[in-house]
>>> print(open('coords.cif').read())   # mmCIF, C-alpha atoms
data_query
loop_
_atom_site.label_atom_id
_atom_site.label_comp_id
_atom_site.auth_asym_id
_atom_site.auth_seq_id
_atom_site.Cartn_x
_atom_site.Cartn_y
_atom_site.Cartn_z
CA MET A 1 15.77 -5.60 -22.23
CA ARG A 2 17.16 -7.85 -19.50
CA THR A 3 20.06 -5.43 -18.92
CA SER A 4 17.83 -2.65 -17.53
CA SER A 5 16.06 -2.78 -14.18
CA VAL A 6 13.30 -0.45 -15.37
CA HIS A 7 12.58 -2.64 -18.40
CA LEU A 8 12.30 -5.70 -16.19
CA ILE A 9 9.98 -3.95 -13.73
CA MET A 10 7.87 -2.73 -16.67
CA SER A 11 7.56 -6.39 -17.68
CA ALA A 12 6.36 -7.14 -14.14
CA VAL A 13 3.76 -4.37 -14.52
CA ALA A 14 2.55 -5.94 -17.79
CA ILE A 15 2.27 -9.37 -16.15
CA SER A 16 0.42 -7.86 -13.17
CA ASP A 17 -2.05 -6.16 -15.50
CA ILE A 18 -2.67 -9.44 -17.32
CA VAL A 19 -3.30 -11.23 -14.01
CA TYR A 20 -5.58 -8.34 -13.02
CA MET A 21 -7.76 -9.15 -16.04
CA PHE A 22 -8.15 -12.86 -15.17
CA HIS A 23 -11.28 -12.27 -13.09
CA ASN A 24 -12.82 -10.20 -15.87
CA PHE A 25 -12.05 -13.00 -18.34
CA TYR A 26 -13.75 -15.44 -15.95
CA LEU A 27 -16.89 -13.29 -15.78
CA ARG A 28 -16.99 -13.04 -19.58
CA PHE A 29 -16.62 -16.82 -19.79
CA ILE A 30 -19.65 -17.20 -17.51
CA GLN A 31 -21.63 -14.82 -19.72
CA PHE A 32 -20.74 -16.71 -22.90
CA ALA A 33 -21.48 -20.07 -21.25
CA ARG A 34 -24.86 -18.82 -20.04
CA ALA A 35 -25.68 -17.43 -23.49
CA TYR A 36 -24.68 -20.70 -25.18
CA SER A 37 -26.33 -23.17 -22.81
CA GLY A 38 -29.19 -20.99 -21.60
CA CYS A 39 -28.45 -21.73 -17.95
CA ILE A 40 -25.43 -22.43 -15.78
CA GLU A 41 -25.26 -23.25 -12.08
CA GLU A 42 -22.63 -20.93 -10.61
CA ARG A 43 -22.98 -22.08 -7.00
CA THR A 44 -20.95 -25.27 -7.31
CA TYR A 45 -17.90 -25.52 -5.08
CA GLY A 46 -15.50 -25.44 -8.03
CA MET A 47 -16.96 -22.27 -9.54
CA VAL A 48 -17.20 -20.47 -6.21
CA LEU A 49 -13.61 -21.42 -5.39
CA ALA A 50 -12.42 -20.23 -8.81
CA ASP A 51 -14.21 -16.93 -8.30
CA VAL A 52 -12.63 -16.50 -4.84
CA ILE A 53 -9.12 -17.22 -6.09
CA LEU A 54 -9.47 -14.85 -9.04
CA ARG A 55 -10.85 -12.09 -6.82
CA HIS A 56 -7.80 -12.29 -4.56
CA LEU A 57 -5.49 -12.46 -7.57
CA LEU A 58 -7.14 -9.27 -8.81
CA ASP A 59 -6.43 -7.57 -5.47
CA PHE A 60 -2.83 -8.83 -5.49
CA ALA A 61 -2.19 -7.76 -9.08
CA LYS A 62 -3.69 -4.29 -8.66
CA ARG A 63 -1.55 -3.53 -5.61
CA SER A 64 1.59 -4.97 -7.22
CA SER A 65 1.14 -2.99 -10.44
CA ILE A 66 0.81 0.30 -8.57
CA LEU A 67 3.88 -0.31 -6.41
CA PHE A 68 5.92 -1.41 -9.43
CA CYS A 69 5.03 1.85 -11.18
CA VAL A 70 6.23 3.90 -8.21
CA TRP A 71 9.54 2.08 -8.19
CA ILE A 72 10.00 2.61 -11.93
CA ALA A 73 9.66 6.38 -11.58
CA LEU A 74 11.79 6.49 -8.43
CA ILE A 75 14.64 4.44 -9.89
CA ARG A 76 14.68 6.50 -13.08
CA ILE A 77 14.82 9.78 -11.15
CA LEU A 78 17.66 8.59 -8.93
CA VAL A 79 19.69 7.42 -11.91
CA ILE A 80 19.13 10.61 -13.91
CA ARG A 81 19.86 12.93 -10.98
CA ASN A 82 23.08 11.14 -10.03
CA PRO A 83 24.81 10.19 -13.31
CA MET A 84 28.31 10.20 -11.76
CA SER A 85 27.47 7.98 -8.78
CA SER A 86 28.33 4.31 -9.15
CA PHE A 87 25.79 3.42 -6.44
CA TYR A 88 22.85 5.06 -8.21
CA GLU A 89 24.09 3.82 -11.55
CA SER A 90 23.90 0.28 -10.16
CA LEU A 91 20.14 0.78 -9.74
CA SER A 92 19.88 0.28 -13.50
CA ASN A 93 21.23 -3.26 -13.17
CA PRO A 94 18.89 -6.28 -13.35
CA PHE A 95 19.72 -7.21 -9.75
CA THR A 96 17.80 -4.14 -8.56
CA ALA A 97 14.77 -5.28 -10.56
CA TYR A 98 14.92 -8.77 -9.09
CA ILE A 99 15.05 -7.40 -5.55
CA THR A 100 12.23 -4.91 -6.24
CA ILE A 101 9.97 -7.47 -7.93
CA SER A 102 10.57 -10.04 -5.18
CA GLY A 103 9.94 -7.51 -2.39
CA VAL A 104 6.78 -6.04 -3.90
CA THR A 105 5.42 -9.49 -4.73
CA LEU A 106 6.05 -10.76 -1.20
CA VAL A 107 4.42 -7.74 0.47
CA SER A 108 1.42 -7.67 -1.85
CA LEU A 109 0.90 -11.42 -1.67
CA SER A 110 1.04 -11.34 2.13
CA LEU A 111 -1.60 -8.59 2.32
CA SER A 112 -3.89 -10.39 -0.12
CA ALA A 113 -3.49 -13.68 1.76
CA PHE A 114 -4.29 -11.93 5.05
CA LYS A 115 -7.38 -10.34 3.51
CA ALA A 116 -8.49 -13.77 2.26
CA THR A 117 -8.78 -14.97 5.86
CA PHE A 118 -11.67 -12.53 6.36
CA TYR A 119 -13.94 -14.65 4.19
CA ARG A 120 -15.06 -18.26 3.94
CA ILE A 121 -17.00 -20.58 1.65
CA VAL A 122 -20.22 -21.93 3.17
CA ALA A 123 -22.54 -24.70 2.00
CA TYR A 124 -26.33 -24.71 2.07
CA SER A 125 -29.20 -26.61 0.46
CA ASP A 126 -31.14 -25.01 -2.36
CA PHE A 127 -32.83 -25.83 -5.64
CA ASN A 128 -30.86 -25.88 -8.85
CA ILE A 129 -31.45 -22.66 -10.78
CA CYS A 130 -31.49 -24.64 -14.04
CA ASN A 131 -33.97 -27.22 -12.76
CA SER A 132 -36.16 -26.20 -9.83
CA LYS A 133 -37.09 -29.83 -9.18
CA ILE A 134 -33.54 -30.80 -8.24
CA LYS A 135 -32.20 -29.91 -4.82
CA ILE A 136 -28.44 -29.44 -4.59
CA GLN A 137 -25.77 -28.47 -2.10
CA ALA A 138 -24.92 -24.91 -3.11
CA PHE A 139 -21.96 -22.83 -1.99
CA SER A 140 -21.42 -19.11 -1.44
CA TYR A 141 -18.62 -16.76 -0.46
CA MET A 142 -19.29 -14.71 2.64
CA LEU A 143 -17.68 -12.76 5.46
CA HIS A 144 -16.33 -14.80 8.34
CA ASP A 145 -18.44 -14.96 11.51
CA PHE A 146 -15.75 -13.09 13.46
CA PHE A 147 -16.41 -9.93 11.45
CA ASP A 148 -19.97 -9.42 12.59
CA ASN A 149 -21.42 -6.03 13.48
CA LYS A 150 -19.28 -5.92 16.61
CA ASN A 151 -15.99 -6.48 14.79
CA SER A 152 -16.85 -5.00 11.40
CA LEU A 153 -14.64 -1.98 12.14
CA VAL A 154 -11.60 -4.26 11.98
CA LEU A 155 -12.39 -5.11 8.37
CA GLN A 156 -13.21 -1.51 7.46
CA TYR A 157 -10.02 -0.14 9.02
CA PHE A 158 -7.87 -2.76 7.31
CA ASN A 159 -9.41 -2.19 3.88
CA THR A 160 -9.23 1.58 4.29
CA THR A 161 -5.60 1.46 5.42
CA ASP A 162 -4.75 -0.94 2.61
CA SER A 163 -6.30 1.42 0.04
CA ILE A 164 -4.47 4.44 1.48
CA VAL A 165 -1.07 2.74 1.67
CA SER A 166 -1.34 0.72 -1.56
CA ILE A 167 -3.11 3.24 -3.81
CA ILE A 168 -3.57 6.73 -2.34
CA ILE A 169 0.00 7.33 -1.10
CA PRO A 170 1.68 5.97 -4.26
CA CYS A 171 -0.62 8.09 -6.43
CA ILE A 172 0.09 11.18 -4.33
CA CYS A 173 3.80 10.51 -4.81
CA PHE A 174 3.35 10.42 -8.59
CA PRO A 175 2.92 14.21 -9.09
CA PHE A 176 6.09 14.81 -7.08
CA LEU A 177 8.00 12.18 -9.03
CA THR A 178 6.58 13.53 -12.29
CA LEU A 179 7.69 17.06 -11.39
CA LEU A 180 11.21 15.84 -10.69
CA LEU A 181 11.27 14.03 -14.02
CA VAL A 182 10.14 17.17 -15.85
CA LEU A 183 12.81 19.26 -14.14
CA GLU A 184 15.49 16.72 -14.93
CA LEU A 185 14.38 16.52 -18.57
CA LYS A 186 14.53 20.31 -18.82
CA LYS A 187 17.95 20.38 -17.21
CA LYS A 188 19.29 17.68 -19.53
CA SER A 189 17.83 19.47 -22.53
CA GLU A 190 19.60 22.70 -21.59
CA ASN A 191 22.88 20.85 -21.12
CA ARG A 192 22.58 19.15 -24.50
CA SER A 193 22.03 22.48 -26.18
CA LYS A 194 25.49 23.53 -25.00
CA MET A 195 27.26 20.47 -26.39
CA PHE A 196 26.89 17.81 -29.02
CA SER A 197 24.62 14.99 -27.92
CA SER A 198 25.58 11.38 -28.44
CA PRO A 199 23.22 8.56 -29.46
CA ASN A 200 23.29 7.36 -25.85
CA ASP A 201 22.12 10.78 -24.63
CA ASP A 202 19.20 10.68 -27.05
CA LYS A 203 18.35 7.15 -25.92
CA THR A 204 18.41 8.26 -22.27
CA ARG A 205 16.16 11.23 -23.04
CA LYS A 206 13.59 9.09 -24.83
CA PHE A 207 13.70 6.48 -22.08
CA THR A 208 13.10 9.11 -19.39
CA GLN A 209 10.24 10.58 -21.42
CA LEU A 210 8.71 7.11 -21.61
CA VAL A 211 8.80 6.81 -17.82
CA PHE A 212 7.37 10.33 -17.51
CA TYR A 213 4.33 9.61 -19.71
CA PHE A 214 3.94 6.22 -18.06
CA THR A 215 3.84 7.90 -14.64
CA LEU A 216 1.50 10.68 -15.76
CA THR A 217 -1.12 8.43 -17.35
CA PHE A 218 -1.07 6.02 -14.44
CA PHE A 219 -1.67 8.87 -12.00
CA VAL A 220 -4.74 9.96 -13.97
CA ALA A 221 -6.16 6.43 -13.76
CA GLY A 222 -4.90 5.35 -10.35
CA PHE A 223 -5.63 8.31 -8.10
CA PRO A 224 -9.45 8.32 -8.60
CA LEU A 225 -9.43 4.55 -8.08
CA GLY A 226 -7.62 4.96 -4.76
CA VAL A 227 -10.01 7.66 -3.57
CA ALA A 228 -13.03 5.55 -4.54
CA SER A 229 -11.64 2.46 -2.81
CA THR A 230 -10.93 4.36 0.40
CA MET A 231 -14.29 6.14 0.50
CA MET A 232 -16.14 2.91 -0.25
CA TYR A 233 -14.99 1.24 2.97
CA LEU A 234 -15.50 4.35 5.09
CA PHE A 235 -19.10 4.89 3.97
CA ILE A 236 -20.11 1.36 3.08
CA GLY A 237 -23.27 1.64 5.22
CA MET A 238 -24.54 4.78 3.50
CA GLN A 239 -27.45 3.86 1.25
CA GLY A 240 -26.88 4.69 -2.41
CA PHE A 241 -23.22 5.67 -1.92
CA LEU A 242 -21.67 2.61 -3.61
#
>>> encode(input="coords.cif", output="structure tokens")
Amino acid sequence: MRTSSVHLIMSAVAISDIVYMFHNFYLRFIQFARAYSGCIEERTYGMVLADVILRHLLDFAKRSSILFCVWIALIRILVIRNPMSSFYESLSNPFTAYITISGVTLVSLSLSAFKATFYRIVAYSDFNICNSKIKIQAFSYMLHDFFDNKNSLVLQYFNTTDSIVSIIIPCICFPFLTLLLVLELKKKSENRSKMFSSPNDDKTRKFTQLVFYFTLTFFVAGFPLGVASTMMYLFIGMQGFL
């Protein structure tokens, strides 16, 4: 597995998807804790901070997973289309995966960190939801003062651009990449029918089919998500739209 760049990037996709689920696991933990104890104060600094970190990890993991998928399809197409080129053949080496994973992680992490600066944790006095007689210092996660009504367009434009670049464009590229994979599979199949195929040829065919189905299913799930994310920030003020 460690000898193939695509296998390594697929592992990065799996890790990203696991990280993506961390926030959902956290919400389920809160539900179970509330059901077990009857009440839980979620406005403590620790719980608010945990929620903030997991939200940004979710954003980071979603973007990373999508970009990893694009690179998987692109690398596989380049290798299949240029079997006699030593340069394109080198794309199958683990070094390519390390560069790709490092680059995507750095870009996605930078965008998520920049987005995190839009928000802040604020403290205020309120009564404990589990005991209305006790007054506590509660905390909440809110938009920074800079992004008020006057500067709200900055936030909307950034989120919209981020959704287009990180989700919409990669998902639009998927049909094109998928078409190329189909054409290459058909071409390889016709060539094999004219000569005896080796076990390596059969392994290559199955591997390319795996990438094809991986790309196709991700497009079905990812493209509507990208459209929804983009539209959400453009029409966030429209009542009932969300």
>>> resolve_selection(input="coords.cif", expression="the PyMOL selection byres ((chain A and resi 58-75) around 7)", output="number ranges by chain")
A: 6, 9, 13, 16-17, 19-20, 23, 54-57, 76-79, 91, 104-105, 108-109, 112, 166-167, 170, 177, 211, 215
>>> atom_distance(input="coords.cif", atom1="CA of Val122 (chain A)", atom2="CA of Ile40 (chain A)")
19.7 Å
>>> atom_distance(input="coords.cif", atom1="CA of Arg28 (chain A)", atom2="CA of Met142 (chain A)")
22.4 Å
>>> atom_distance(input="coords.cif", atom1="CA of Ala50 (chain A)", atom2="CA of Phe29 (chain A)")
12.2 Å
>>> resolve_selection(input="coords.cif", expression="the PyMOL selection byres ((chain A and resi 43) around 10)", output="ChimeraX atom specification")
/A:40-42,44-49,123,126,128-129,136-141
>>> write_last_selection(input="coords.cif", atoms="C-alpha atoms", output="PDB file, in the coordinates of the input")
ATOM      1  CA  ILE A  40     -25.430 -22.430 -15.780  1.00  0.00           C
ATOM      2  CA  GLU A  41     -25.260 -23.250 -12.080  1.00  0.00           C
ATOM      3  CA  GLU A  42     -22.630 -20.930 -10.610  1.00  0.00           C
ATOM      4  CA  THR A  44     -20.950 -25.270  -7.310  1.00  0.00           C
ATOM      5  CA  TYR A  45     -17.900 -25.520  -5.080  1.00  0.00           C
ATOM      6  CA  GLY A  46     -15.500 -25.440  -8.030  1.00  0.00           C
ATOM      7  CA  MET A  47     -16.960 -22.270  -9.540  1.00  0.00           C
ATOM      8  CA  VAL A  48     -17.200 -20.470  -6.210  1.00  0.00           C
ATOM      9  CA  LEU A  49     -13.610 -21.420  -5.390  1.00  0.00           C
ATOM     10  CA  ALA A 123     -22.540 -24.700   2.000  1.00  0.00           C
ATOM     11  CA  ASP A 126     -31.140 -25.010  -2.360  1.00  0.00           C
ATOM     12  CA  ASN A 128     -30.860 -25.880  -8.850  1.00  0.00           C
ATOM     13  CA  ILE A 129     -31.450 -22.660 -10.780  1.00  0.00           C
ATOM     14  CA  ILE A 136     -28.440 -29.440  -4.590  1.00  0.00           C
ATOM     15  CA  GLN A 137     -25.770 -28.470  -2.100  1.00  0.00           C
ATOM     16  CA  ALA A 138     -24.920 -24.910  -3.110  1.00  0.00           C
ATOM     17  CA  PHE A 139     -21.960 -22.830  -1.990  1.00  0.00           C
ATOM     18  CA  SER A 140     -21.420 -19.110  -1.440  1.00  0.00           C
ATOM     19  CA  TYR A 141     -18.620 -16.760  -0.460  1.00  0.00           C
TER      20      TYR A 141
END
